[in-house]
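**Q** Below is one structure. I have some questions about it.
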Amino acid sequence: MKSVIPIRSFFGILMLLVIIPSLKGQDDSRRDYVPEVGQQGKDVVWVPTPQELVDTMLSIAELTPSDLVIDLGSGDGRTVITAAKRGARAIGIEFNPDMVTLSRRNAEKEGVSSQVQFFEGDLFEYDLSKATVITMFLLPEINLKLRPRLLELKPGTRVVSNTFTMGEWIPDLEVNTPDSWNSWTTALMWIIPAKVEGRWKIGEHELSLTQKYQFINGTFNNGGTITAIADGRLRGNEISFKIGNIIYLGQVNGSRITGTAKSDSAKWDWTAVKSSE
Ligand SMILES: C[S@@+](CC[C@H](N)C(=O)[O-])C[C@H]1O[C@@H](n2cnc3c(N)ncnc32)[C@H](O)[C@@H]1O
């Protein structure tokens, strides 16, 4: 008698009967996945930031709905989800696929799926250029490895780290959450400074600046007297320094700075134009 199902189709159906339950099993195991504190990650193990510190980290970054947050090594997604609940868009980069699945599920439970994205991959390979806030709970040596890339981000981008430092790059702000019973209680924030090192002209006079991260030094030459500048500081594109008793405040815009200067008795506008690196 002729077989109703051709022999090749029969084997095809058999394969599907074997594969579908095993895929379903995989799906179920991902759905039931419960991470363990201290479990291996690619470069850093998973330890969650206490929710109180997540809140502090996002508060000191002064998060607004126009921000795009990228959490490097996003774990169970808590920082990304909290940022989204505050109205921002947020992205998590996480190497562990189970954690990515868990994060997406957590975001769904919290009703913020449309504001978040979780990418499975290596945080060192992801383009960070669109971020306005970077959050991280990694390790000091990983932060150091990331530092050159972070310094190339848009001036004003806030980088907030749970506990771990950036080598000699001093944070602009450090906040502790001392009430927490948890061991992770410190939030550190750096604001990516504009690049201002070089020679500038203020009218006919010359301002010569050197820069180390957010700190600036240099001299002002008015054609006769050379004065060292004092208290030179950058906060993103905002610049401030003193020449004698005159306080200069300004906004850096590429090769131009505009602002106001104030002495004991007067206030006036000033503009500096970059003349050389
Ligand atoms: C200390 S946990 C922090 C998790 C989360 N950001 C938080 O604060 O709760 C570090 C996370 O980074 C992930 N990770 C480690 N190395 C990574 C890499 N190279 N790329 C992406 N994720 C990584 C780990 O799997 C882990 O989930």
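Letters for chains follow the order of the structure tokens (A, B, ...), residue numbers begin at 1 for each chain, and ligand numbers begin at 1 in the order shown.
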Within 7 Å of ligand 1, which residues show up when you count only C-alpha atoms and all ligand atoms? List them as an MDAnalysis selection string, please.
**A** chainID A and resid 40:49 71:79 93:96 99 121:124 136:138
**Q** Go ahead and save the picked residues with N, CA, C and O atoms, as a compact mmCIF listing (two decimals), in the first residue's frame.
**A**
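Below is the file selection-v5.txt, written as the result:
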# COMPACT_ATOMS: atom_id res chain seq x y z
N GLN A 40 29.00 34.66 37.51
CA GLN A 40 30.02 35.12 36.58
C GLN A 40 29.42 36.00 35.48
O GLN A 40 28.36 35.69 34.95
N GLY A 41 30.11 37.09 35.15
CA GLY A 41 29.74 37.90 33.99
C GLY A 41 30.96 37.90 33.09
O GLY A 41 31.98 37.30 33.44
N LYS A 42 30.91 38.59 31.95
CA LYS A 42 32.08 38.54 31.08
C LYS A 42 33.30 39.17 31.77
O LYS A 42 34.32 38.51 31.95
N ASP A 43 33.18 40.45 32.14
CA ASP A 43 34.30 41.13 32.80
C ASP A 43 34.05 41.39 34.28
O ASP A 43 34.99 41.66 35.02
N VAL A 44 32.79 41.35 34.67
CA VAL A 44 32.40 41.67 36.05
C VAL A 44 31.27 40.73 36.45
O VAL A 44 30.39 40.45 35.62
N VAL A 45 31.27 40.27 37.71
CA VAL A 45 30.17 39.41 38.17
C VAL A 45 28.92 40.26 38.34
O VAL A 45 28.98 41.49 38.36
N TRP A 46 27.78 39.58 38.49
CA TRP A 46 26.54 40.32 38.71
C TRP A 46 26.31 40.56 40.19
O TRP A 46 26.23 39.61 40.99
N VAL A 47 26.23 41.80 40.56
CA VAL A 47 25.78 42.24 41.89
C VAL A 47 24.85 43.41 41.61
O VAL A 47 25.24 44.34 40.89
N PRO A 48 23.62 43.36 42.11
CA PRO A 48 22.71 44.46 41.76
C PRO A 48 22.99 45.71 42.59
O PRO A 48 23.34 45.62 43.76
N THR A 49 22.82 46.87 41.99
CA THR A 49 22.88 48.13 42.73
C THR A 49 21.62 48.22 43.59
O THR A 49 20.52 48.03 43.06
N ASP A 71 23.00 52.08 30.38
CA ASP A 71 23.59 51.38 31.52
C ASP A 71 24.53 50.31 30.98
O ASP A 71 24.12 49.43 30.22
N LEU A 72 25.80 50.40 31.34
CA LEU A 72 26.82 49.47 30.83
C LEU A 72 26.90 48.25 31.75
O LEU A 72 27.33 48.36 32.89
N GLY A 73 26.47 47.11 31.25
CA GLY A 73 26.38 45.90 32.08
C GLY A 73 25.12 46.03 32.91
O GLY A 73 25.17 46.29 34.10
N SER A 74 23.95 45.84 32.23
CA SER A 74 22.69 46.29 32.84
C SER A 74 22.03 45.29 33.76
O SER A 74 20.97 45.58 34.35
N GLY A 75 22.62 44.10 33.94
CA GLY A 75 22.12 43.14 34.92
C GLY A 75 20.66 42.81 34.72
O GLY A 75 20.23 42.45 33.62
N ASP A 76 19.86 42.97 35.79
CA ASP A 76 18.42 42.65 35.69
C ASP A 76 17.60 43.83 35.16
O ASP A 76 16.37 43.79 35.18
N GLY A 77 18.28 44.89 34.76
CA GLY A 77 17.60 46.01 34.09
C GLY A 77 17.10 47.10 35.02
O GLY A 77 16.45 48.06 34.58
N ARG A 78 17.43 47.03 36.31
CA ARG A 78 16.80 47.94 37.27
C ARG A 78 17.10 49.43 37.02
O ARG A 78 16.21 50.26 37.19
N THR A 79 18.34 49.76 36.59
CA THR A 79 18.66 51.18 36.38
C THR A 79 17.93 51.70 35.14
O THR A 79 17.37 52.80 35.15
N ILE A 93 23.03 47.47 28.11
CA ILE A 93 23.92 46.55 27.35
C ILE A 93 24.33 45.48 28.34
O ILE A 93 24.90 45.79 29.39
N GLU A 94 24.05 44.24 28.00
CA GLU A 94 24.34 43.15 28.94
C GLU A 94 24.81 41.93 28.15
O GLU A 94 24.21 41.56 27.16
N PHE A 95 25.89 41.33 28.63
CA PHE A 95 26.49 40.20 27.92
C PHE A 95 25.70 38.90 28.11
O PHE A 95 25.66 38.06 27.21
N ASN A 96 25.08 38.76 29.29
CA ASN A 96 24.42 37.50 29.62
C ASN A 96 23.00 37.47 29.02
O ASN A 96 22.14 38.25 29.40
N MET A 99 20.04 37.33 31.39
CA MET A 99 19.77 38.60 32.08
C MET A 99 19.02 39.56 31.14
O MET A 99 18.18 40.33 31.59
N GLY A 121 25.24 41.93 24.39
CA GLY A 121 26.54 42.13 23.76
C GLY A 121 27.56 42.67 24.73
O GLY A 121 27.29 42.83 25.92
N ASP A 122 28.72 42.98 24.16
CA ASP A 122 29.85 43.45 24.97
C ASP A 122 29.79 44.97 25.07
O ASP A 122 29.75 45.66 24.04
N LEU A 123 29.83 45.46 26.28
CA LEU A 123 29.72 46.91 26.48
C LEU A 123 30.85 47.68 25.81
O LEU A 123 30.69 48.86 25.48
N PHE A 124 31.97 47.04 25.56
CA PHE A 124 33.10 47.72 24.92
C PHE A 124 32.86 47.94 23.43
O PHE A 124 33.57 48.69 22.78
N MET A 136 26.89 53.00 35.46
CA MET A 136 27.72 51.79 35.49
C MET A 136 27.97 51.32 36.91
O MET A 136 28.02 52.13 37.84
N PHE A 137 28.08 50.01 37.05
CA PHE A 137 28.54 49.40 38.29
C PHE A 137 29.47 48.28 37.81
O PHE A 137 29.04 47.16 37.60
N LEU A 138 30.71 48.67 37.56
CA LEU A 138 31.65 47.73 36.95
C LEU A 138 32.81 47.51 37.92
O LEU A 138 32.59 47.05 39.03
**Q** What's around Asp231 in chain A at 7 Å? Count only C-alpha atoms, leave out sequence neighbours fewer than 2 positions away in its own chain, and write the answer as a short mmCIF file (atom, residue, chain, number, x, y, z; two decimals) with N, CA and C atoms, in the first residue's frame.
**A**
data_model
loop_
_atom_site.label_atom_id
_atom_site.label_comp_id
_atom_site.auth_asym_id
_atom_site.auth_seq_id
_atom_site.Cartn_x
_atom_site.Cartn_y
_atom_site.Cartn_z
N ARG A 233 37.71 76.04 35.86
CA ARG A 233 36.87 74.85 35.99
C ARG A 233 35.91 74.72 34.81
N PHE A 241 36.60 80.94 35.48
CA PHE A 241 37.97 81.17 35.98
C PHE A 241 38.07 82.60 36.46
N LYS A 242 39.17 82.87 37.15
CA LYS A 242 39.39 84.23 37.66
C LYS A 242 40.68 84.78 37.09
#
**Q** Quick one: contact table of range 211-253 of chain A to range 178-196 of chain A, 9 Å max, nearest atom pair and distance in Å to one decimal per residue, counting only C-alpha atoms, chain and number order, as a tab-separated table?
**A**
residue	atom	partner	partner_atom	distance
A:Gln211	CA	A:Val196	CA	6.9
A:Tyr213	CA	A:Pro193	CA	6.6
A:Gln214	CA	A:Pro193	CA	5.5
A:Phe215	CA	A:Pro193	CA	8.9
A:Ile216	CA	A:Val196	CA	8.4
A:Leu234	CA	A:Pro193	CA	5.8
A:Arg235	CA	A:Pro193	CA	5.8
A:Gly236	CA	A:Pro193	CA	4.2
A:Asn237	CA	A:Ala194	CA	5.2
A:Glu238	CA	A:Ala194	CA	8.0
A:Ile239	CA	A:Ala194	CA	8.6
A:Val252	CA	A:Ala194	CA	7.0
A:Asn253	CA	A:Ala194	CA	8.5
**Q** Atoms to include: N, CA and C atoms. Write the selected residues as a PDB file, in the first residue's frame.
**A**
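Just written: out.pdb:
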ATOM      1  N   GLN A 211      44.613  72.019  30.202  1.00  0.00           N
ATOM      2  CA  GLN A 211      43.434  71.361  30.771  1.00  0.00           C
ATOM      3  C   GLN A 211      43.768  69.977  31.259  1.00  0.00           C
ATOM      4  N   TYR A 213      41.270  67.084  32.539  1.00  0.00           N
ATOM      5  CA  TYR A 213      39.864  66.746  32.771  1.00  0.00           C
ATOM      6  C   TYR A 213      39.056  68.037  32.927  1.00  0.00           C
ATOM      7  N   GLN A 214      38.393  68.247  34.090  1.00  0.00           N
ATOM      8  CA  GLN A 214      37.526  69.432  34.252  1.00  0.00           C
ATOM      9  C   GLN A 214      38.267  70.623  34.855  1.00  0.00           C
ATOM     10  N   PHE A 215      39.564  70.502  35.045  1.00  0.00           N
ATOM     11  CA  PHE A 215      40.327  71.589  35.666  1.00  0.00           C
ATOM     12  C   PHE A 215      41.187  72.301  34.626  1.00  0.00           C
ATOM     13  N   ILE A 216      41.211  73.648  34.713  1.00  0.00           N
ATOM     14  CA  ILE A 216      42.034  74.400  33.751  1.00  0.00           C
ATOM     15  C   ILE A 216      42.978  75.350  34.473  1.00  0.00           C
ATOM     16  N   LEU A 234      35.649  73.494  34.409  1.00  0.00           N
ATOM     17  CA  LEU A 234      34.653  73.222  33.371  1.00  0.00           C
ATOM     18  C   LEU A 234      33.568  72.323  33.942  1.00  0.00           C
ATOM     19  N   ARG A 235      32.354  72.605  33.540  1.00  0.00           N
ATOM     20  CA  ARG A 235      31.236  71.713  33.867  1.00  0.00           C
ATOM     21  C   ARG A 235      30.486  71.528  32.553  1.00  0.00           C
ATOM     22  N   GLY A 236      30.869  70.491  31.817  1.00  0.00           N
ATOM     23  CA  GLY A 236      30.355  70.341  30.456  1.00  0.00           C
ATOM     24  C   GLY A 236      30.874  71.490  29.614  1.00  0.00           C
ATOM     25  N   ASN A 237      29.952  72.272  29.050  1.00  0.00           N
ATOM     26  CA  ASN A 237      30.353  73.428  28.229  1.00  0.00           C
ATOM     27  C   ASN A 237      30.475  74.720  29.032  1.00  0.00           C
ATOM     28  N   GLU A 238      30.177  74.639  30.329  1.00  0.00           N
ATOM     29  CA  GLU A 238      30.272  75.861  31.149  1.00  0.00           C
ATOM     30  C   GLU A 238      31.692  76.009  31.654  1.00  0.00           C
ATOM     31  N   ILE A 239      32.247  77.221  31.489  1.00  0.00           N
ATOM     32  CA  ILE A 239      33.621  77.473  31.931  1.00  0.00           C
ATOM     33  C   ILE A 239      33.611  78.605  32.953  1.00  0.00           C
ATOM     34  N   VAL A 252      31.167  77.395  26.351  1.00  0.00           N
ATOM     35  CA  VAL A 252      32.051  76.985  25.251  1.00  0.00           C
ATOM     36  C   VAL A 252      31.196  76.455  24.108  1.00  0.00           C
ATOM     37  N   ASN A 253      31.485  76.935  22.906  1.00  0.00           N
ATOM     38  CA  ASN A 253      30.772  76.423  21.736  1.00  0.00           C
ATOM     39  C   ASN A 253      31.826  76.184  20.656  1.00  0.00           C
TER      40      ASN A 253
END
**Q** Using only C-alpha atoms, which residues sit within 9 Å of range 224-227 of chain A once same-chain residues fewer than 3 positions away are excluded, as an MDAnalysis selection string?
**A** chainID A and resid 218:221 243:244
**Q** Given only C-alpha atoms as the basis, pick out the residue of A:Gln51, A:Gln117, A:Thr258, A:Thr132 nearest to Val159 in chain A.
**A** A:Thr132
**Q** Tell me, as a VMD selection string, which residues lie within 8 Å of Glu52 in chain A, counting only C-alpha atoms; anything in the same chain fewer than 2 positions away does not count.
**A** chain A and resid 50 54 to 56 177 180
**Q** Ranking A:Asp98, A:Gly259, A:Ile91, A:Glu141 by minimum distance to Gln39 in chain A and counting only C-alpha atoms, which one comes first?
**A**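 For Gln39 in chain A, the nearest of the given residues is A:Asp98.
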**Q** Neighbours of Glu197 in chain A within 9 Å (only C-alpha atoms; same-chain residues fewer than 4 positions away dropped), as number ranges by chain?
**A** A: 208-212, 216, 277
**Q** May I have the selected residues written with C-alpha atoms, as a compact mmCIF listing (two decimals), in the first residue's frame?
**A**
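Heads up, here's the output in result00.txt:
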# COMPACT_ATOMS: atom_id res chain seq x y z
CA SER A 208 46.45 80.49 27.09
CA LEU A 209 44.84 77.40 28.65
CA THR A 210 46.00 73.97 29.74
CA GLN A 211 43.43 71.36 30.77
CA LYS A 212 43.35 68.25 32.92
CA ILE A 216 42.03 74.40 33.75
CA GLU A 277 45.66 74.30 19.78
**Q** Tell me, in Å to one decimal, how far CA of Ser103 in chain A is from CA of Phe164 in chain A.
**A** 23.4 Å
**Q** Apply DSSP to the structure's backbone, then extract all residues of range 92-243 of chain A labelled alpha helix (DSSP H) and return them as a ChimeraX atom specification.
**A** /A:97-109,140-151
**Q** What is the distance between CA of Arg199 in chain A and CA of Ser255 in chain A, in Å to one decimal?
**A**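 Between CA of Arg199 in chain A and CA of Ser255 in chain A the gap works out to 10.3 Å.
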